[in-house]
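Let me begin by presenting the structure, written as structure tokens, before commenting on it.
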Protein chains: 2
Amino acid sequence: MSRYWSSIVSLLDPYVPGEQPKVSNLIKLNTNENPYGPAPGVMAALQGGITDALRLYPDPNADALKSVIAEYYQLDTSQVFAGNGSDEVLAHTFQALLKQQQPILFPDITYSFYPVYCGLYQVEYERVALDESFRICLEDYARPNGGIVFPNPNAPTGIGLPITEIQWLLERNNNSVVVVDEAYVDFGGESAAALVSQYPNLLVIQTLSKSRSLAGLRVGFAVGDAALIEALERVKNSFNSYPLGRLAIAGAVAAVEDKKYFEETCTRIITTREKLAERLQALGFEVLPSQANFLFVRHPKRDAAKLSQALREQAIIVRHFKQQRIDQFLRITVGTQEECDCLVDALTNILLS
Amino acid sequence: MSRYWSSIVSLLDPYVPGEQPKVSNLIKLNTNENPYGPAPGVMAALQGGITDALRLYPDPNADALKSVIAEYYQLDTSQVFAGNGSDEVLAHTFQALLKQQQPILFPDITYSFYPVYCGLYQVEYERVALDESFRICLEDYARPNGGIVFPNPNAPTGIGLPITEIQWLLERNNNSVVVVDEAYVDFGGESAAALVSQYPNLLVIQTLSKSRSLAGLRVGFAVGDAALIEALERVKNSFNSYPLGRLAIAGAVAAVEDKKYFEETCTRIITTREKLAERLQALGFEVLPSQANFLFVRHPKRDAAKLSQALREQAIIVRHFKQQRIDQFLRITVGTQEECDCLVDALTNILLS
């Protein structure tokens, strides 16, 4: 605390991202990164971008990227917004669309950055409880609100909602914006992007950090009605004209264009996830049904924090949240088959000891 | 305007960056980019960064970059903040440090993003007029205020202040933060970074976009007292955990480390600037004394907008601001010697016609 701070600063409760350890030789299953590298075409595009042209500003509108995303989802480029990771896109969304007279709604167990954005922009919110099976019940959101935001699949549970349920909500909620945060949708979920031309209050946010293997490049985007996108552009252009550098744009374009590699790696991760889920169940874990690239699991007889610590001693990092309702769960990223084998072996030994 | 927008959105007056034309074969002297490419070490570092590790999140704290900046300025890493271009660093600064009870002060003729940030964060401000020679008079800022921000050298005038004058102000203004925006300081100005350990209310902001030839990579930073930096970190960590990707960090580290290339290119630009200033004066232009990589010039007999248009017809782009007091000026980026020769030839022909 300092007398030079703006008054809001001491009230902030910043987000704490998963650990990015600086030692190697760890099996890192804590931040839902893709175990496979970016598509070969991405590497080539990045190589091609390392020229003297880096002295020049990038296209402030990232038109090349908006075009391939628009094409991918059969939308107009005016329905696409791009930013420095989906976290930045979410931040602009909270400021541009979710600061309203009434509180916004989001799940009690969800991406823990949402209340942080509310703190930053002084957005009122109410948490809506997941049911006993840790599912989002959209019926509970069909009431007056200043906006609705939820991930699909939800994090850290991994449980997805069918698009029909989202459409059910959109039919009943047209006075406020509904934000569907699809960071993990490509691992078996159903994207609501198909609905954006039909519902002017639907914003769908995605990232290239997970299914496109580009967490290190920082690119996210949103699709929605042109008026929602315009609000995001107005805020973005009042904040930073050029959030995406030349390499980020070039790499992201190539990543969206390479459907084959994308589909192959997503399929491989889904296959590994299903095998891992079975093996963890065989070890006695309760495994929530996941449509994401992670599993959310608890063991009826073992404390989650202690399990996490025991894994760490074997150089395996998973994520444990010290939060009500879920403090006995571990969130485990689906790694390569070999990494998952190591995890199962380690857990087997820990449970035997 | 849409009923789904937050109330602030329709009040915003977004910044309009200089044009980034998509055709080539233009002489682009409109956005103060460096005419020379990034240092060879930057290219090598970027090449080295194109690996499967791009699937992993970057270091959210960009410690490697903070370390080289701290070393460069003989500071502690706790005195360094890094962000996605100095525009993002400025945005966080307005929210974290400049939103106060009293209005902040900045020059009437200055970087036109400042009032935009004020709109975004609802910061009250007063503009302080430059004198008749278009100089910042810091005496005019020694009065009650919520904060002070100015570029040194100022943009778009290019006129610099000696560090002794900044120190004079700091001695008289210790109740609010003084932000010195040094985007152009490396082209002959004096950095106030040397003063940050002495004045707990001084924040110095720099960019790698100009003197480090990396406008396309998006990296900026701030140095100041650890408490000021903490305010920026708190806002940043409530906005986006990872504003800098892996390639941005790697390239920026190499750029700061390569002092020789940096000094050589800056010297070359200064030499070209001085020659260009002489030749423009010989053509009858009034040229403000510049310590930046651009010149701010007006011709007593020719309308600036028309001159700008005539240059564009010859494939040369410069920047013209439709703004009171300066609408008869052109801001001309110092390009290569060859580009400046073309500019002088074109202007010679235009003035003869």
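The way I read the labels, and the way they are meant: chains A, B, ... in the order of the structure tokens, residue 1 as the first residue of every chain, and ligand 1 as the first ligand shown, with later ones counted on from there.
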
Quiz item: Could you write out as number ranges by chain the residues of chain A within 6 Å of chain B, counting only C-alpha atoms?
Solution: A: 5-6, 14-15, 33, 37, 52, 54-58, 87-88, 91, 96-97, 99-100, 116, 213-218, 234, 237-240, 245-246

Practice problem: Could you find all residues in region 14-164 of chain A that DSSP calls alpha helix (DSSP H) from the backbone, and write them as a PyMOL selection string? | Solution: chain A and resi 40-49+63-72+85-96+114-121+163-164

Self-check item: Atom-to-atom span, CA of Pro156 (chain B) and CA of Ile269 (chain B), Å
Solution: 17.1 Å

Practice problem: Check region 190-325 of chain B with DSSP on the backbone and list each residue it calls strand (DSSP E or B), as JSON, numbers by chain. | Solution: {"B": [202, 203, 204, 205, 206, 207, 220, 221, 222, 223, 224, 286, 287, 294, 295, 296, 297, 298, 299, 302, 316, 317, 319]}

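Of the listed residues B:Glu278, B:Asp181, B:Glu190, B:Asp303, the one whose atoms come nearest to Thr110 (chain B) is B:Asp181, with distances taken using only C-alpha atoms.
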
Spatial neighbours of Cys266 (chain A), 8 Å, only C-alpha atoms, chain gap at least 4 places, as a PDB file with N, CA, C and O atoms, in the first residue's frame:
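Output file around-v1.pdb is given in full below:
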```
ATOM      1  N   ASP A 186     -12.659 -27.501 -27.667  1.00  0.00           N
ATOM      2  CA  ASP A 186     -12.232 -28.359 -28.782  1.00  0.00           C
ATOM      3  C   ASP A 186     -11.914 -29.789 -28.372  1.00  0.00           C
ATOM      4  O   ASP A 186     -11.619 -30.627 -29.220  1.00  0.00           O
ATOM      5  N   PHE A 187     -11.970 -30.090 -27.071  1.00  0.00           N
ATOM      6  CA  PHE A 187     -11.647 -31.445 -26.613  1.00  0.00           C
ATOM      7  C   PHE A 187     -12.931 -32.256 -26.380  1.00  0.00           C
ATOM      8  O   PHE A 187     -13.020 -33.042 -25.439  1.00  0.00           O
ATOM      9  N   SER A 211      -6.066 -25.992 -27.341  1.00  0.00           N
ATOM     10  CA  SER A 211      -6.175 -26.928 -28.454  1.00  0.00           C
ATOM     11  C   SER A 211      -5.235 -26.586 -29.603  1.00  0.00           C
ATOM     12  O   SER A 211      -4.938 -27.438 -30.429  1.00  0.00           O
ATOM     13  N   PHE A 262      -4.627 -29.981 -35.966  1.00  0.00           N
ATOM     14  CA  PHE A 262      -5.493 -29.611 -34.848  1.00  0.00           C
ATOM     15  C   PHE A 262      -6.416 -30.772 -34.476  1.00  0.00           C
ATOM     16  O   PHE A 262      -6.503 -31.180 -33.307  1.00  0.00           O
ATOM     17  N   ILE A 270      -8.052 -36.606 -26.414  1.00  0.00           N
ATOM     18  CA  ILE A 270      -9.318 -37.188 -25.936  1.00  0.00           C
ATOM     19  C   ILE A 270      -9.136 -38.678 -25.640  1.00  0.00           C
ATOM     20  O   ILE A 270      -9.584 -39.190 -24.606  1.00  0.00           O
TER      21      ILE A 270
END
```
